[in-house]
Every structure is written in C-alpha cells, then in structure tokens.
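To start, the structure itself, in structure tokens.
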Amino acid sequence: MSALLEVSGVSVSFDGFRAINNLSFSIGAAELRAIIGPNGAGKTTFMDIVTGKTRPDEGTVRFGARPVSLLSLSEAQIARAGIGRKFQRPTVFEDQTVAENLTMALKAARGPFRVLFWKETQADRDRVAALAAEVGLGDQLARKSGELSHGQKQWLEIGMLLAQEPRLLLVDEPAAGMTLAEREHTTALLVDMAKTRAVVVVEHDMEFVRRLNCKVTVLHEGSVLAEGSLDHVTRNPDVIDVYLGR
Ligand SMILES: Nc1ncnc2c1ncn2[C@@H]1O[C@H](COP(=O)(O)OP(=O)(O)OP(=O)(O)O)[C@@H](O)[C@H]1O
C-alpha cells in the first residue's frame, strides 16, 4: 500500500516540553487507522501538525500520491489539498436544514471566488441528497439541524466534510456521547468512508476501536509506542505499562 500521509522524524516542543518526539508513521490512501494513547500522548498535537495549526520544530510531513510537503502550506491550503478535520463537538448551523448545511459545505468547497457566482444546479441538489444518504440522513433533508440528535449532527458534519472530497479525514473521538445504535451507525460509516479515502480516528474508547477492526497506532510521549491490530498492541507489555501507569 503506498502512503498518502508520511510523517517522518517530527518533533515539536512547547516551552521546552517535547509534546511530539521524533514521530514517524504513515497512512495508506484507502485506510482506516485508529490512534490511541493516554492523555497528553500527543494525539491532538499530531492532528494540529497535519492540518497546519502547529508547525513542527523538526521533521517532514508529506501528503499525496505525488507527495508535497505540508509544512510550507497554510491551514486553508492544506484543507484544499484534501485534508479534512472533524472536531469532537459538532458545529452545524442549527437554524438551517440538513440540506442547507450540506449546500453551504458544497459551496465552500468550490472556493471563495466561485461562491460569488454560485447558482445551485440540479447536479448540486443531487449531490446534497447523495451526501445525506451516504451519512444516513437521506430522510432528514428538510429537517432543521437543531432538531437532530447528537449522533445525527455528527453525521451531518461528516457529510459536510465529505462535500469537500477530502482524501484524508481526521476524526476526533467520533463516538463520544453517542447511544449504542448511533455508535454502530458511526462505525459502519467510518469503515465505509475509508474504502475510498484515508480516515484517521483518534479515540479513547477501546470498545469502539475494537469495532473499527483496523490497524491501531499507540502514541505515548509524542512517539509511536506500538502499532498493529488492537489485540496485538494491547498484548504489548509497554502498552500495558503505559495504560496501567506502572
Ligand atoms: N499549545 C500548547 N502549549 C503548551 N503545551 C501544550 C500545547 N499543546 C499541547 N501541549 C502539551 O503537549 C502534550 C500533548 O498534548 P495533546 O493535547 O497533543 O495530547 P493528547 O494525546 O491529545 O491528549 P488528550 O487525550 O488528553 O486529548 C500535553 O502534555 C499538553 O499539555
């Protein structure tokens, strides 16, 4: 599998504290990957580096089939290059319908200048319907987003990110606060999305990670401590030590 994202020898310090320490790993083009690790392991900082919010002190981050360095790109350029990020809290426009939220995301994906001359076409309406169907909201298009359940809002936001056709999607704790049924739907959605793009899920909930049934990267003190199936990494004595704090 060729790498879509290649992080190599990356370090970053905050006031002398090394939050990311010589971090190296790669993600394939159509891969689902879970990143786990105790509090302070560097998971958020890793996502901040990939999306351009935090600049590393050392190392390289390369992205794409013909890799480009992300370190010279702005956050907006990185987003346009095909990297989307889903934060933990959903940020949909509650007064707008599901269709309106998705339409706005579709417009935004066209870039700032084309939005000025935007005229919604039938193809756009079809795309909005397809995005809603993809995330399981096909029958909710006319519903005000504020009326959706927490899980449905999260799926809507995922749909809005998909409107931008990302090649890599970073998702922060997608299962937090969801009911069991919502978690099952979210699992299926993430697995499905990763068939055609890379999806990286940062998650604390091991049961949810188990359901994802994917390769797991364990971070600790800003480096990769272990990598492999969940069973493989949870048998690793170093991982057990870190989680049990021995
Ligand atoms: N802007 C910052 N300034 C100072 N220290 C920071 C900053 N950002 C992160 N850190 C520190 O870097 C370390 C890694 O933090 P990070 O948030 O990446 O961990 P995490 O694995 O996401 O943790 P959690 O699971 O608790 O969200 C922590 O010790 C944190 O306090």
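Ligands are numbered from 1 in the order shown, residues from 1 within each chain, and chains are lettered A, B, ... in the order they appear in the structure tokens.
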Write out, as JSON lines, each residue of chain A that has an atom at most 6 Å from ligand 1, together with the closest pair of atoms and their distance in Å to one decimal, counting only C-alpha atoms and all ligand atoms, rows going by chain and rising number.
```
{"residue": "A:Phe14", "atom": "CA", "partner": "ligand 1", "partner_atom_place_in_ligand_line": "4 (C)", "distance": 4.7}
{"residue": "A:Ala19", "atom": "CA", "partner": "ligand 1", "partner_atom_place_in_ligand_line": "12 (O)", "distance": 4.1}
{"residue": "A:Pro38", "atom": "CA", "partner": "ligand 1", "partner_atom_place_in_ligand_line": "25 (O)", "distance": 5.7}
{"residue": "A:Asn39", "atom": "CA", "partner": "ligand 1", "partner_atom_place_in_ligand_line": "26 (O)", "distance": 3.5}
{"residue": "A:Gly40", "atom": "CA", "partner": "ligand 1", "partner_atom_place_in_ligand_line": "19 (O)", "distance": 3.4}
{"residue": "A:Ala41", "atom": "CA", "partner": "ligand 1", "partner_atom_place_in_ligand_line": "21 (O)", "distance": 3.7}
{"residue": "A:Gly42", "atom": "CA", "partner": "ligand 1", "partner_atom_place_in_ligand_line": "18 (O)", "distance": 3.2}
{"residue": "A:Lys43", "atom": "CA", "partner": "ligand 1", "partner_atom_place_in_ligand_line": "21 (O)", "distance": 3.7}
{"residue": "A:Thr44", "atom": "CA", "partner": "ligand 1", "partner_atom_place_in_ligand_line": "22 (O)", "distance": 3.6}
{"residue": "A:Thr45", "atom": "CA", "partner": "ligand 1", "partner_atom_place_in_ligand_line": "18 (O)", "distance": 3.7}
```
Hey, what's within 9 Å of Leu141 (chain A) if we count only C-alpha atoms and toss same-chain stuff fewer than 2 positions away? As a VMD selection string, please? chain A and resid 97 to 100 128 to 129 132 137 to 139 143 to 144
Give me a file of those residues, with C-alpha atoms, as a compact mmCIF listing (two decimals), in the first residue's frame.
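Ended up saving to selection.txt:
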```
# COMPACT_ATOMS: atom_id res chain seq x y z
CA THR A 97 -31.93 22.45 7.45
CA VAL A 98 -29.78 19.41 6.75
CA ALA A 99 -29.98 20.22 3.02
CA GLU A 100 -28.98 23.86 3.61
CA VAL A 128 -26.55 17.10 -1.47
CA ALA A 129 -29.08 14.24 -1.50
CA ALA A 132 -27.14 12.97 3.08
CA LEU A 137 -29.63 11.33 6.75
CA GLY A 138 -31.35 10.77 3.41
CA ASP A 139 -34.79 11.11 5.01
CA ARG A 143 -35.29 18.90 8.99
CA LYS A 144 -33.80 21.81 10.98
```
I'd like the contact shell of Leu32 (chain A) - 12 Å cut-off, only C-alpha atoms, skipping same-chain residues fewer than 2 positions apart - returned as number ranges by chain. A: 26-30, 34-35, 167-171, 187-202, 209, 211-217, 229
Go ahead and write the residues just picked, N, CA and C atoms, as a compact mmCIF listing (two decimals), in the first residue's frame.
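In the end it all went to selection32.txt:
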```txt
# COMPACT_ATOMS: atom_id res chain seq x y z
N SER A 26 3.11 6.31 8.78
CA SER A 26 2.44 6.66 7.53
C SER A 26 1.05 6.04 7.47
N ILE A 27 0.21 6.66 6.63
CA ILE A 27 -1.17 6.20 6.45
C ILE A 27 -1.37 5.94 4.95
N GLY A 28 -2.01 4.82 4.63
CA GLY A 28 -2.26 4.48 3.23
C GLY A 28 -3.43 5.25 2.64
N ALA A 29 -3.56 5.19 1.33
CA ALA A 29 -4.54 6.03 0.62
C ALA A 29 -6.00 5.65 0.91
N ALA A 30 -6.27 4.39 1.11
CA ALA A 30 -7.63 3.97 1.48
C ALA A 30 -7.49 3.10 2.72
N ALA A 34 -6.83 3.80 13.61
CA ALA A 34 -7.17 4.38 14.91
C ALA A 34 -5.89 4.80 15.61
N ILE A 35 -5.93 5.97 16.21
CA ILE A 35 -4.81 6.44 17.02
C ILE A 35 -5.28 6.51 18.46
N ARG A 167 -9.21 13.63 0.79
CA ARG A 167 -8.53 12.34 0.60
C ARG A 167 -8.10 11.77 1.93
N LEU A 168 -8.01 12.65 2.92
CA LEU A 168 -7.68 12.22 4.29
C LEU A 168 -8.62 12.96 5.24
N LEU A 169 -9.28 12.19 6.09
CA LEU A 169 -10.18 12.77 7.07
C LEU A 169 -9.67 12.42 8.46
N LEU A 170 -9.46 13.44 9.30
CA LEU A 170 -9.05 13.23 10.68
C LEU A 170 -10.27 13.42 11.57
N VAL A 171 -10.57 12.43 12.38
CA VAL A 171 -11.82 12.46 13.15
C VAL A 171 -11.50 12.28 14.63
N THR A 187 -19.68 3.52 13.31
CA THR A 187 -18.67 2.52 12.94
C THR A 187 -18.80 2.17 11.46
N ALA A 188 -20.04 1.86 11.05
CA ALA A 188 -20.28 1.45 9.66
C ALA A 188 -19.91 2.59 8.70
N LEU A 189 -20.23 3.82 9.11
CA LEU A 189 -19.94 4.99 8.28
C LEU A 189 -18.42 5.17 8.10
N LEU A 190 -17.70 5.07 9.19
CA LEU A 190 -16.24 5.27 9.10
C LEU A 190 -15.59 4.17 8.26
N VAL A 191 -16.05 2.93 8.47
CA VAL A 191 -15.49 1.80 7.71
C VAL A 191 -15.77 2.01 6.22
N ASP A 192 -16.98 2.44 5.91
CA ASP A 192 -17.38 2.65 4.53
C ASP A 192 -16.59 3.81 3.88
N MET A 193 -16.45 4.90 4.63
CA MET A 193 -15.73 6.06 4.09
C MET A 193 -14.28 5.71 3.77
N ALA A 194 -13.71 4.83 4.58
CA ALA A 194 -12.29 4.50 4.42
C ALA A 194 -12.04 3.57 3.23
N LYS A 195 -13.12 3.17 2.54
CA LYS A 195 -12.91 2.34 1.34
C LYS A 195 -12.36 3.19 0.20
N THR A 196 -12.66 4.49 0.23
CA THR A 196 -12.25 5.34 -0.89
C THR A 196 -11.38 6.51 -0.47
N ARG A 197 -11.05 6.59 0.81
CA ARG A 197 -10.17 7.67 1.29
C ARG A 197 -9.53 7.20 2.58
N ALA A 198 -8.54 7.95 3.05
CA ALA A 198 -7.93 7.61 4.33
C ALA A 198 -8.72 8.27 5.45
N VAL A 199 -8.97 7.50 6.50
CA VAL A 199 -9.70 8.03 7.66
C VAL A 199 -8.89 7.70 8.91
N VAL A 200 -8.53 8.72 9.65
CA VAL A 200 -7.78 8.53 10.90
C VAL A 200 -8.68 8.93 12.05
N VAL A 201 -8.90 7.98 12.95
CA VAL A 201 -9.80 8.20 14.08
C VAL A 201 -8.99 8.26 15.37
N VAL A 202 -9.08 9.36 16.07
CA VAL A 202 -8.45 9.47 17.39
C VAL A 202 -9.52 9.12 18.42
N VAL A 209 -12.93 1.27 19.26
CA VAL A 209 -11.77 0.95 18.41
C VAL A 209 -11.83 -0.51 17.96
N ARG A 211 -14.44 -2.27 17.42
CA ARG A 211 -15.45 -2.39 16.36
C ARG A 211 -14.92 -1.90 15.01
N LEU A 212 -14.02 -0.94 15.05
CA LEU A 212 -13.48 -0.41 13.78
C LEU A 212 -12.65 -1.48 13.07
N ASN A 213 -12.08 -2.40 13.87
CA ASN A 213 -11.38 -3.55 13.30
C ASN A 213 -10.29 -3.12 12.30
N CYS A 214 -9.46 -2.18 12.73
CA CYS A 214 -8.43 -1.64 11.83
C CYS A 214 -7.08 -1.61 12.54
N LYS A 215 -6.07 -1.21 11.80
CA LYS A 215 -4.74 -1.06 12.38
C LYS A 215 -4.77 0.08 13.41
N VAL A 216 -4.05 -0.14 14.50
CA VAL A 216 -4.05 0.83 15.60
C VAL A 216 -2.63 1.33 15.81
N THR A 217 -2.49 2.64 15.99
CA THR A 217 -1.20 3.22 16.36
C THR A 217 -1.32 3.75 17.78
N SER A 229 -2.77 -4.70 15.09
CA SER A 229 -4.18 -4.89 15.44
C SER A 229 -4.37 -4.52 16.91
```
Write out as a VMD selection string all residues of region 74-239 of chain A that DSSP puts in alpha helix (DSSP H) for this structure's backbone. chain A and resid 75 to 81 98 to 109 112 to 116 122 to 134 150 to 162 180 to 193 206 to 212 230 to 235 237 to 239
Who sits within 8 Å of Gly52 (chain A), only C-alpha atoms, same chain under 4 positions skipped, as a PyMOL selection string: chain A and resi 48+70-71+73-75+78
Distance query Ser149 (chain A) at most 10 Å, only C-alpha atoms, self and fewer than 5 positions along chain excluded, as a VMD selection string: chain A and resid 154 to 155 178 to 179 182
